[in-house]
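Structure file data-v6.cif with mmCIF, C-alpha atoms:
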data_start
loop_
_atom_site.group_PDB
_atom_site.id
_atom_site.type_symbol
_atom_site.label_atom_id
_atom_site.label_comp_id
_atom_site.auth_asym_id
_atom_site.auth_seq_id
_atom_site.Cartn_x
_atom_site.Cartn_y
_atom_site.Cartn_z
ATOM 1 C CA MET E 1 102.509 -14.313 -72.339
ATOM 2 C CA LYS E 2 104.862 -16.403 -70.203
ATOM 3 C CA GLN E 3 107.794 -14.687 -71.894
ATOM 4 C CA TYR E 4 106.530 -11.267 -70.789
ATOM 5 C CA ILE E 5 105.960 -12.536 -67.253
ATOM 6 C CA LYS E 6 109.548 -13.847 -67.075
ATOM 7 C CA TRP E 7 110.852 -10.573 -68.476
ATOM 8 C CA PHE E 8 108.849 -8.569 -65.915
ATOM 9 C CA ALA E 9 110.019 -10.865 -63.087
ATOM 10 C CA LYS E 10 113.652 -10.366 -64.084
ATOM 11 C CA LEU E 11 113.143 -6.629 -64.252
ATOM 12 C CA LEU E 12 111.509 -6.648 -60.819
ATOM 13 C CA LEU E 13 114.358 -8.752 -59.408
ATOM 14 C CA LEU E 14 116.930 -6.376 -60.874
ATOM 15 C CA ALA E 15 115.116 -3.390 -59.368
ATOM 16 C CA LEU E 16 115.016 -5.142 -55.976
ATOM 17 C CA ILE E 17 118.749 -5.883 -56.147
ATOM 18 C CA LEU E 18 119.490 -2.261 -57.008
ATOM 19 C CA VAL E 19 117.387 -1.038 -54.084
ATOM 20 C CA ILE E 20 119.154 -3.429 -51.688
ATOM 21 C CA VAL E 21 122.596 -2.429 -52.987
ATOM 22 C CA ASP E 22 121.710 1.253 -52.810
ATOM 23 C CA PHE E 23 120.440 0.842 -49.236
ATOM 24 C CA GLY E 24 123.593 -1.065 -48.258
ATOM 25 C CA VAL E 25 125.856 1.587 -49.773
ATOM 26 C CA GLY E 26 123.982 4.257 -47.858
ATOM 27 C CA LYS E 27 124.359 2.456 -44.533
ATOM 28 C CA LEU E 28 128.063 1.822 -45.140
ATOM 29 C CA ALA E 29 128.633 5.419 -46.250
ATOM 30 C CA ASN E 30 126.904 6.808 -43.148
ATOM 31 C CA TYR E 31 128.981 4.529 -40.908
ATOM 32 C CA VAL E 32 132.255 5.524 -42.577
ATOM 33 C CA PHE E 33 131.223 9.191 -42.553
ATOM 34 C CA ARG E 34 130.588 9.073 -38.781
ATOM 35 C CA ILE E 35 133.949 7.392 -38.084
ATOM 36 C CA ASP E 36 135.814 9.829 -40.312
ATOM 37 C CA ASN E 37 134.194 12.830 -38.622
ATOM 38 C CA MET E 38 134.958 11.491 -35.134
ATOM 39 C CA THR E 39 138.678 11.254 -35.892
ATOM 40 C CA ASN E 40 139.151 14.050 -38.403
ATOM 41 C CA PRO E 41 136.106 16.300 -38.784
ATOM 42 C CA GLY E 42 135.173 17.323 -42.299
ATOM 43 C CA TYR E 43 134.716 20.925 -43.300
ATOM 44 C CA ILE E 44 131.065 21.324 -42.253
ATOM 45 C CA SER E 45 131.608 19.502 -38.950
ATOM 46 C CA ARG E 46 134.633 21.642 -38.130
ATOM 47 C CA VAL E 47 132.773 24.876 -38.842
ATOM 48 C CA THR E 48 129.723 23.947 -36.778
ATOM 49 C CA SER E 49 131.899 22.809 -33.862
ATOM 50 C CA CYS E 50 133.811 26.111 -33.676
ATOM 51 C CA ASN E 51 133.400 27.970 -30.398
ATOM 52 C CA ASP E 52 135.221 31.055 -31.618
ATOM 53 C CA ASP E 53 133.904 34.600 -31.305
ATOM 54 C CA ILE E 54 134.555 35.360 -34.972
ATOM 55 C CA ILE E 55 134.251 32.926 -37.882
ATOM 56 C CA ILE E 56 135.461 33.915 -41.329
ATOM 57 C CA ILE E 57 133.387 32.493 -44.200
ATOM 58 C CA GLY E 58 134.302 32.603 -47.877
ATOM 59 C CA SER E 59 136.222 30.936 -50.677
ATOM 60 C CA SER E 60 139.975 30.848 -51.293
ATOM 61 C CA THR E 61 140.213 34.620 -50.889
ATOM 62 C CA ALA E 62 139.055 34.195 -47.292
ATOM 63 C CA ASN E 63 141.255 31.155 -46.777
ATOM 64 C CA HIS E 64 144.455 32.866 -47.946
ATOM 65 C CA HIS E 65 143.882 36.553 -47.122
ATOM 66 C CA TYR E 66 142.841 36.654 -43.442
ATOM 67 C CA ILE E 67 145.489 35.797 -40.853
ATOM 68 C CA SER E 68 143.339 34.485 -38.003
ATOM 69 C CA ARG E 69 145.906 34.609 -35.222
ATOM 70 C CA GLN E 70 146.954 38.149 -36.107
ATOM 71 C CA ILE E 71 143.339 39.327 -36.027
ATOM 72 C CA GLN E 72 142.764 37.481 -32.766
ATOM 73 C CA ASP E 73 145.838 38.949 -31.062
ATOM 74 C CA SER E 74 144.849 42.457 -32.157
ATOM 75 C CA ILE E 75 141.170 42.513 -31.176
ATOM 76 C CA GLY E 76 141.180 40.078 -28.243
ATOM 77 C CA MET E 77 138.577 37.680 -29.647
ATOM 78 C CA ASN E 78 138.976 34.074 -30.740
ATOM 79 C CA VAL E 79 139.017 33.831 -34.545
ATOM 80 C CA TYR E 80 138.739 30.868 -36.914
ATOM 81 C CA ASN E 81 139.184 31.107 -40.674
ATOM 82 C CA ALA E 82 136.640 28.786 -42.318
ATOM 83 C CA GLY E 83 137.414 29.888 -45.871
ATOM 84 C CA LEU E 84 137.433 27.027 -48.372
ATOM 85 C CA ASP E 85 138.984 26.999 -51.828
ATOM 86 C CA GLY E 86 136.353 26.857 -54.555
ATOM 87 C CA ALA E 87 133.404 27.393 -52.185
ATOM 88 C CA PHE E 88 131.454 30.209 -53.771
ATOM 89 C CA PHE E 89 128.312 32.218 -53.029
ATOM 90 C CA ILE E 90 125.651 29.480 -52.920
ATOM 91 C CA PHE E 91 127.868 27.176 -50.877
ATOM 92 C CA GLN E 92 128.707 30.026 -48.485
ATOM 93 C CA ASN E 93 125.019 30.739 -47.875
ATOM 94 C CA CYS E 94 124.446 27.067 -47.072
ATOM 95 C CA VAL E 95 127.370 26.993 -44.643
ATOM 96 C CA ILE E 96 126.256 30.129 -42.798
ATOM 97 C CA ASN E 97 122.654 28.968 -42.462
ATOM 98 C CA TYR E 98 123.710 25.495 -41.316
ATOM 99 C CA LEU E 99 126.227 26.995 -38.885
ATOM 100 C CA LEU E 100 123.538 29.156 -37.289
ATOM 101 C CA GLU E 101 121.474 26.076 -36.455
ATOM 102 C CA TYR E 102 124.232 24.681 -34.225
ATOM 103 C CA ASN E 103 126.451 27.555 -33.248
ATOM 104 C CA GLN E 104 126.091 31.305 -32.931
ATOM 105 C CA PRO E 105 129.427 33.157 -32.957
ATOM 106 C CA LYS E 106 129.455 36.818 -32.031
ATOM 107 C CA TYR E 107 130.482 37.836 -35.532
ATOM 108 C CA ILE E 108 130.701 36.364 -39.001
ATOM 109 C CA LEU E 109 133.166 37.963 -41.401
ATOM 110 C CA TRP E 110 131.801 37.085 -44.827
ATOM 111 C CA GLU E 111 134.444 37.553 -47.519
ATOM 112 C CA ILE E 112 132.362 37.907 -50.618
ATOM 113 C CA GLY E 113 133.017 38.402 -54.325
ATOM 114 C CA GLU E 114 132.024 41.746 -55.818
ATOM 115 C CA ASP E 115 130.300 39.803 -58.600
ATOM 116 C CA CYS E 116 128.507 37.308 -56.341
ATOM 117 C CA LEU E 117 125.052 38.554 -57.426
ATOM 118 C CA SER E 118 125.723 38.062 -61.121
ATOM 119 C CA ASP E 119 123.182 36.305 -63.298
ATOM 120 C CA ASN E 120 125.290 33.165 -63.633
ATOM 121 C CA MET E 121 123.518 30.885 -61.143
ATOM 122 C CA VAL E 122 123.672 27.254 -62.208
ATOM 123 C CA ASN E 123 127.181 26.570 -63.436
ATOM 124 C CA GLY E 124 130.213 24.503 -62.558
ATOM 125 C CA SER E 125 131.871 27.142 -60.409
ATOM 126 C CA GLU E 126 128.870 27.862 -58.190
ATOM 127 C CA TYR E 127 128.131 24.192 -57.552
ATOM 128 C CA GLN E 128 131.555 22.579 -57.819
ATOM 129 C CA LEU E 129 131.656 21.669 -54.098
ATOM 130 C CA VAL E 130 127.985 20.837 -53.728
ATOM 131 C CA ASN E 131 128.883 17.188 -53.060
ATOM 132 C CA LEU E 132 130.309 18.242 -49.683
ATOM 133 C CA LEU E 133 126.765 19.210 -48.698
ATOM 134 C CA TYR E 134 125.149 15.884 -49.671
ATOM 135 C CA PRO E 135 125.489 14.320 -46.179
ATOM 136 C CA TYR E 136 123.488 17.284 -44.826
ATOM 137 C CA TYR E 137 120.680 17.031 -47.351
ATOM 138 C CA ASN E 138 118.099 16.661 -44.572
ATOM 139 C CA ASP E 139 118.737 20.252 -43.558
ATOM 140 C CA ASP E 140 115.939 22.329 -45.058
ATOM 141 C CA TYR E 141 118.123 25.146 -46.397
ATOM 142 C CA ILE E 142 120.767 22.846 -47.892
ATOM 143 C CA HIS E 143 117.986 20.637 -49.273
ATOM 144 C CA ARG E 144 116.504 23.531 -51.248
ATOM 145 C CA ALA E 145 119.890 24.773 -52.457
ATOM 146 C CA ILE E 146 120.869 21.342 -53.786
ATOM 147 C CA ASP E 147 117.503 20.793 -55.438
ATOM 148 C CA ASP E 148 117.887 24.112 -57.259
ATOM 149 C CA LEU E 149 120.843 22.664 -59.170
ATOM 150 C CA ASP E 150 118.467 21.431 -61.865
ATOM 151 C CA ASP E 151 115.004 19.883 -62.315
ATOM 152 C CA TRP E 152 116.242 16.319 -61.711
ATOM 153 C CA GLN E 153 118.567 16.819 -58.740
ATOM 154 C CA TRP E 154 115.872 15.914 -56.180
ATOM 155 C CA LEU E 155 115.449 12.549 -57.890
ATOM 156 C CA ARG E 156 119.185 11.827 -57.973
ATOM 157 C CA MET E 157 119.357 12.578 -54.249
ATOM 158 C CA LYS E 158 117.029 9.631 -53.608
ATOM 159 C CA SER E 159 119.931 7.347 -54.508
ATOM 160 C CA ASN E 160 122.596 6.676 -51.888
ATOM 161 C CA ILE E 161 124.978 5.558 -54.613
ATOM 162 C CA PHE E 162 124.709 8.929 -56.341
ATOM 163 C CA CYS E 163 125.008 10.906 -53.092
ATOM 164 C CA ASP E 164 128.091 9.076 -51.854
ATOM 165 C CA ASN E 165 129.999 8.190 -55.019
ATOM 166 C CA SER E 166 132.193 11.303 -54.875
ATOM 167 C CA ASN E 167 133.163 10.892 -51.205
ATOM 168 C CA MET E 168 132.943 7.179 -50.497
ATOM 169 C CA ILE E 169 136.356 6.017 -51.754
ATOM 170 C CA HIS E 170 138.118 8.965 -50.123
ATOM 171 C CA ASP E 171 136.357 8.379 -46.787
ATOM 172 C CA VAL E 172 137.042 4.624 -46.769
ATOM 173 C CA LEU E 173 140.742 5.096 -47.563
ATOM 174 C CA THR E 174 141.020 7.835 -44.937
ATOM 175 C CA VAL E 175 139.410 5.712 -42.229
ATOM 176 C CA PHE E 176 141.530 2.629 -42.960
ATOM 177 C CA THR E 177 144.671 4.772 -43.007
ATOM 178 C CA ARG E 178 143.839 6.144 -39.584
ATOM 179 C CA ILE E 179 142.973 2.710 -38.232
ATOM 180 C CA HIS E 180 146.349 1.430 -39.430
ATOM 181 C CA LYS E 181 148.284 4.373 -37.994
ATOM 182 C CA GLY E 182 146.118 4.882 -34.922
ATOM 183 C CA TYR E 183 143.467 7.536 -34.303
ATOM 184 C CA PRO E 184 144.751 11.027 -33.502
ATOM 185 C CA LYS E 185 144.109 12.141 -29.941
ATOM 186 C CA THR E 186 142.900 15.566 -31.005
ATOM 187 C CA SER E 187 140.908 16.841 -33.930
ATOM 188 C CA MET E 188 142.308 18.849 -36.811
ATOM 189 C CA LEU E 189 140.486 21.838 -35.417
ATOM 190 C CA ASN E 190 142.618 21.766 -32.261
ATOM 191 C CA GLU E 191 145.826 20.998 -34.145
ATOM 192 C CA ASP E 192 145.425 23.841 -36.649
ATOM 193 C CA ILE E 193 148.000 26.319 -35.365
ATOM 194 C CA ASN E 194 147.064 28.818 -38.089
ATOM 195 C CA GLN E 195 143.392 28.644 -37.094
ATOM 196 C CA GLY E 196 142.276 27.935 -40.634
ATOM 197 C CA TYR E 197 144.447 30.496 -42.421
ATOM 198 C CA LYS E 198 146.560 29.015 -45.236
ATOM 199 C CA PRO E 199 149.343 31.312 -46.492
ATOM 200 C CA LEU E 200 150.377 31.252 -50.147
ATOM 201 C CA PRO E 201 154.065 31.273 -51.140
ATOM 202 C CA ASN E 202 155.818 34.515 -52.023
ATOM 203 C CA THR E 203 158.273 33.082 -54.542
ATOM 204 C CA GLY E 204 158.556 30.350 -57.149
ATOM 205 C CA TYR E 205 156.310 31.939 -59.767
ATOM 206 C CA GLU E 206 156.001 35.045 -61.922
ATOM 207 C CA TYR E 207 154.039 37.884 -60.385
ATOM 208 C CA PRO E 208 150.765 38.459 -62.287
ATOM 209 C CA LEU E 209 150.012 41.273 -64.710
ATOM 210 C CA LEU E 210 147.116 43.621 -64.013
ATOM 211 C CA LYS E 211 143.979 42.403 -65.767
ATOM 212 C CA SER E 212 140.513 43.676 -66.549
ATOM 213 C CA ASP E 213 138.006 41.677 -64.528
ATOM 214 C CA SER E 214 135.071 40.067 -66.315
ATOM 215 C CA VAL E 215 131.712 41.718 -65.642
ATOM 216 C CA ALA E 216 128.362 39.938 -65.902
ATOM 217 C CA GLU E 217 125.603 42.019 -67.452
ATOM 218 C CA TYR E 218 122.617 41.090 -65.287
ATOM 219 C CA ILE E 219 121.709 40.566 -61.628
ATOM 220 C CA ASN E 220 120.315 37.250 -60.444
ATOM 221 C CA PHE E 221 117.458 38.147 -58.118
ATOM 222 C CA GLN E 222 117.327 34.619 -56.733
ATOM 223 C CA LYS E 223 120.801 35.310 -55.369
ATOM 224 C CA VAL E 224 119.641 38.687 -54.076
ATOM 225 C CA GLU E 225 116.861 36.991 -52.122
ATOM 226 C CA MET E 226 119.296 34.365 -50.837
ATOM 227 C CA PHE E 227 121.710 37.081 -49.699
ATOM 228 C CA ARG E 228 119.016 39.054 -47.855
ATOM 229 C CA ASN E 229 117.632 35.922 -46.212
ATOM 230 C CA THR E 230 121.057 34.915 -44.907
ATOM 231 C CA ILE E 231 121.676 38.384 -43.489
ATOM 232 C CA ASN E 232 118.286 38.369 -41.758
ATOM 233 C CA GLN E 233 118.850 34.855 -40.429
ATOM 234 C CA CYS E 234 122.057 36.107 -38.797
ATOM 235 C CA LYS E 235 120.134 39.002 -37.268
ATOM 236 C CA ASN E 236 117.424 36.649 -35.973
ATOM 237 C CA LYS E 237 120.086 34.506 -34.288
ATOM 238 C CA GLY E 238 121.804 37.518 -32.739
ATOM 239 C CA VAL E 239 124.929 37.109 -34.893
ATOM 240 C CA ARG E 240 126.450 40.286 -36.300
ATOM 241 C CA ILE E 241 127.584 39.855 -39.883
ATOM 242 C CA ILE E 242 130.258 41.966 -41.567
ATOM 243 C CA ILE E 243 130.742 41.827 -45.341
ATOM 244 C CA THR E 244 134.349 42.051 -46.536
ATOM 245 C CA SER E 245 136.076 42.186 -49.902
ATOM 246 C CA SER E 246 139.852 41.851 -50.020
ATOM 247 C CA PRO E 247 142.283 43.276 -52.623
ATOM 248 C CA ARG E 248 142.525 41.814 -56.140
ATOM 249 C CA HIS E 249 144.993 42.612 -58.911
ATOM 250 C CA TYR E 250 142.388 43.841 -61.392
ATOM 251 C CA ASP E 251 141.293 47.224 -62.652
ATOM 252 C CA ALA E 252 138.251 48.860 -61.059
ATOM 253 C CA VAL E 253 135.719 48.075 -63.807
ATOM 254 C CA LEU E 254 133.855 45.525 -61.680
ATOM 255 C CA LEU E 255 133.165 48.078 -58.950
ATOM 256 C CA SER E 256 130.819 50.024 -61.236
ATOM 257 C CA SER E 257 128.924 46.925 -62.412
ATOM 258 C CA LYS E 258 125.236 46.437 -61.655
ATOM 259 C CA GLN E 259 125.830 43.500 -59.310
ATOM 260 C CA ALA E 260 128.526 45.334 -57.323
ATOM 261 C CA CYS E 261 126.256 48.364 -56.918
ATOM 262 C CA GLU E 262 123.401 46.085 -55.856
ATOM 263 C CA LEU E 263 125.641 44.410 -53.292
ATOM 264 C CA ARG E 264 126.557 47.751 -51.740
ATOM 265 C CA ARG E 265 122.916 48.877 -51.803
ATOM 266 C CA ILE E 266 121.706 45.755 -49.970
ATOM 267 C CA ALA E 267 124.412 46.059 -47.318
ATOM 268 C CA LYS E 268 123.396 49.671 -46.718
ATOM 269 C CA GLU E 269 119.675 48.858 -46.577
ATOM 270 C CA GLU E 270 120.268 45.973 -44.168
ATOM 271 C CA ASN E 271 122.587 48.151 -42.048
ATOM 272 C CA VAL E 272 125.439 45.667 -42.463
ATOM 273 C CA PRO E 273 129.040 46.965 -42.501
ATOM 274 C CA TYR E 274 130.763 46.444 -45.842
ATOM 275 C CA MET E 275 134.558 46.617 -45.659
ATOM 276 C CA ASN E 276 135.534 46.942 -49.309
ATOM 277 C CA PHE E 277 139.263 46.759 -50.085
ATOM 278 C CA TYR E 278 138.846 45.254 -53.559
ATOM 279 C CA ASN E 279 140.614 48.167 -55.253
ATOM 280 C CA TYR E 280 142.793 49.387 -52.379
ATOM 281 C CA HIS E 281 145.638 50.748 -54.525
ATOM 282 C CA PRO E 282 148.584 50.424 -52.084
ATOM 283 C CA ILE E 283 148.028 46.652 -52.330
ATOM 284 C CA SER E 284 145.891 45.963 -55.410
ATOM 285 C CA ASN E 285 148.298 47.803 -57.752
ATOM 286 C CA GLN E 286 151.407 45.983 -56.482
ATOM 287 C CA ASN E 287 151.793 42.653 -58.282
ATOM 288 C CA TYR E 288 154.481 41.384 -55.867
ATOM 289 C CA TYR E 289 151.746 41.011 -53.247
ATOM 290 C CA PHE E 290 149.870 38.470 -55.400
ATOM 291 C CA LYS E 291 150.229 34.787 -56.261
ATOM 292 C CA ASP E 292 147.772 35.438 -59.090
ATOM 293 C CA CYS E 293 145.281 38.197 -59.834
ATOM 294 C CA ASP E 294 142.750 36.786 -57.343
ATOM 295 C CA HIS E 295 144.963 35.710 -54.452
ATOM 296 C CA LEU E 296 147.336 37.538 -52.151
ATOM 297 C CA ASN E 297 150.541 35.751 -51.253
ATOM 298 C CA SER E 298 151.762 35.664 -47.667
ATOM 299 C CA ASN E 299 153.403 39.092 -47.911
ATOM 300 C CA GLY E 300 150.220 40.485 -49.443
ATOM 301 C CA ALA E 301 148.105 39.025 -46.643
ATOM 302 C CA GLU E 302 150.421 40.641 -44.074
ATOM 303 C CA ALA E 303 150.110 43.997 -45.839
ATOM 304 C CA TYR E 304 146.341 43.604 -46.012
ATOM 305 C CA MET E 305 146.085 42.866 -42.289
ATOM 306 C CA GLU E 306 147.928 46.113 -41.536
ATOM 307 C CA VAL E 307 145.024 48.110 -42.995
ATOM 308 C CA PHE E 308 142.191 45.650 -42.396
ATOM 309 C CA ILE E 309 142.600 45.140 -38.661
ATOM 310 C CA PRO E 310 142.477 48.859 -37.660
ATOM 311 C CA GLU E 311 139.368 49.262 -39.833
ATOM 312 C CA LEU E 312 137.824 46.129 -38.291
ATOM 313 C CA LYS E 313 138.409 47.558 -34.810
ATOM 314 C CA ARG E 314 136.602 50.734 -35.826
ATOM 315 C CA VAL E 315 133.683 48.738 -37.253
ATOM 316 C CA LEU E 316 133.390 46.585 -34.130
ATOM 317 C CA VAL E 317 133.271 49.667 -31.887
ATOM 318 C CA ASN E 318 130.434 51.203 -33.928
ATOM 319 C CA TYR E 319 128.489 48.036 -34.698
#
What is this file in structure tokens?
Amino acid sequence: MKQYIKWFAKLLLLALILVIVDFGVGKLANYVFRIDNMTNPGYISRVTSCNDDIIIIGSSTANHHYISRQIQDSIGMNVYNAGLDGAFFIFQNCVINYLLEYNQPKYILWEIGEDCLSDNMVNGSEYQLVNLLYPYYNDDYIHRAIDDLDDWQWLRMKSNIFCDNSNMIHDVLTVFTRIHKGYPKTSMLNEDINQGYKPLPNTGYEYPLLKSDSVAEYINFQKVEMFRNTINQCKNKGVRIIITSSPRHYDAVLLSSKQACELRRIAKEENVPYMNFYNYHPISNQNYYFKDCDHLNSNGAEAYMEVFIPELKRVLVNY
């Protein structure tokens, strides 16, 4: 009997130590996170602190295809490109809903994939940047999106060690580097002369060959609901949302898919402009405009802006 009592006491002590360590890691992580965001705001903090009239949301296709300053100079509104490489549909919904809680730009340009409503919901690509949302887990929308990852995610999120293990080392090294070199006087947001746009090189690689895009067979109606809810949340906040799709170097098979048709149908029903240049032949058929089949190089982005900006002006007048 005494042996079982000792074993239980050791187990209890170990559990207590783990709780204390986990609590300590959480406090340290929150402290480092606050310092890091004061000197060099992370992605979410930068987006929510934008005071621009137009904010561009999307993945790498937004990041590399929309020249913020060129759009701004043409339409006379402040523009910030908040595209982020690898940040796909679920992440984008979280960013928009979180943004609306703290900031309401006049317009959101949402660069969206034609296949964003495909049945493939819980996979590595959709959730590969979910760790960037962990510090904002208390937000109701982000909370639900993270918990939907799988049946056990809510339990993992109870642990500070789990929540912070992917960011902690990076944040600590970043903070100590800045302490050693001295804090910058201005944030990255103010120093970003390209206003978020990141051009891709025009040379140094082989131009891609035209491919047939993969097409998912079914629609994920959880994504459909998420898409509608985000659109309506924008409307409720008085933010006008415009859906965009930039050129890709693929054939047009995806455009006739069920999810692409559903995307167009929802935009029409919700009375949301949908600027679809996915298969705009003067650009999409010219491989020298592309770094790869998904991404325009700098010359391609320039060519895209020549047709996108006049169409955007027309949409803004009639919206």
Name all residues at most 12 Å from E:Gln222 (count all atoms listed in the file; drop same-chain ones fewer than 3 positions away) and give them as JSON, numbers by chain.
{"E": [89, 90, 116, 117, 118, 119, 120, 121, 122, 145, 148, 218, 219, 225, 226, 227, 228, 229]}
Applying the PyMOL selection byres ((chain E and resi 198) around 6) to the file I just gave you, which residues come out? Please list them as a PyMOL selection string.
chain E and resi 63-64+197+199
Can you tell me, as a list in words, what residues are no more than 12 Å from E:Val253 when counting all atoms listed in the file, ignoring any on the same chain fewer than 6 positions away?
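Neighbouring residues, sequence-local ones excluded: Glu114, Asp115, Lys211, Ser212, Asp213, Ser214, Val215, Ala216, Gln259, Ala260, Cys261, Tyr278 and Asn279 of chain E.
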Suppose a student applies the PyMOL selection byres ((chain E and resi 303) around 12) to this structure; what residues should they get, written as a list of chain:residue names?
E:His65, E:Tyr66, E:Ile67, E:Gln70, E:Ser246, E:Pro247, E:Phe277, E:Tyr280, E:His281, E:Pro282, E:Ile283, E:Ser284, E:Gln286, E:Tyr288, E:Tyr289, E:Phe290, E:Leu296, E:Asn297, E:Ser298, E:Asn299, E:Gly300, E:Ala301, E:Glu302, E:Tyr304, E:Met305, E:Glu306, E:Val307, E:Phe308, E:Ile309
Grab the atom CA of E:Ile56 to atom CA of E:Leu109 distance for me, in Å with one decimal place.
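Spanning atom CA of E:Ile56 to atom CA of E:Leu109 is a straight-line distance of 4.7 Å.
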Quick one: residues within 12 Å of E:Glu101, only C-alpha atoms, excluding same-chain residues fewer than 5 positions away - as a PDB file with C-alpha atoms, keeping the file's coordinate frame?
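out_9.pdb written:
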ATOM      1  CA  VAL E  47     132.773  24.876 -38.842  1.00  0.00           C
ATOM      2  CA  THR E  48     129.723  23.947 -36.778  1.00  0.00           C
ATOM      3  CA  SER E  49     131.899  22.809 -33.862  1.00  0.00           C
ATOM      4  CA  CYS E  94     124.446  27.067 -47.072  1.00  0.00           C
ATOM      5  CA  VAL E  95     127.370  26.993 -44.643  1.00  0.00           C
ATOM      6  CA  ILE E  96     126.256  30.129 -42.798  1.00  0.00           C
ATOM      7  CA  ASP E 139     118.737  20.252 -43.558  1.00  0.00           C
ATOM      8  CA  ASP E 140     115.939  22.329 -45.058  1.00  0.00           C
ATOM      9  CA  TYR E 141     118.123  25.146 -46.397  1.00  0.00           C
ATOM     10  CA  ILE E 142     120.767  22.846 -47.892  1.00  0.00           C
ATOM     11  CA  GLN E 233     118.850  34.855 -40.429  1.00  0.00           C
ATOM     12  CA  CYS E 234     122.057  36.107 -38.797  1.00  0.00           C
ATOM     13  CA  ASN E 236     117.424  36.649 -35.973  1.00  0.00           C
ATOM     14  CA  LYS E 237     120.086  34.506 -34.288  1.00  0.00           C
ATOM     15  CA  VAL E 239     124.929  37.109 -34.893  1.00  0.00           C
TER      16      VAL E 239
END
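Counting all atoms listed in the file and comparing E:Trp154, E:Gly238, E:Ile44, E:Arg265, the residue that lies closest to E:Pro135 is E:Ile44.
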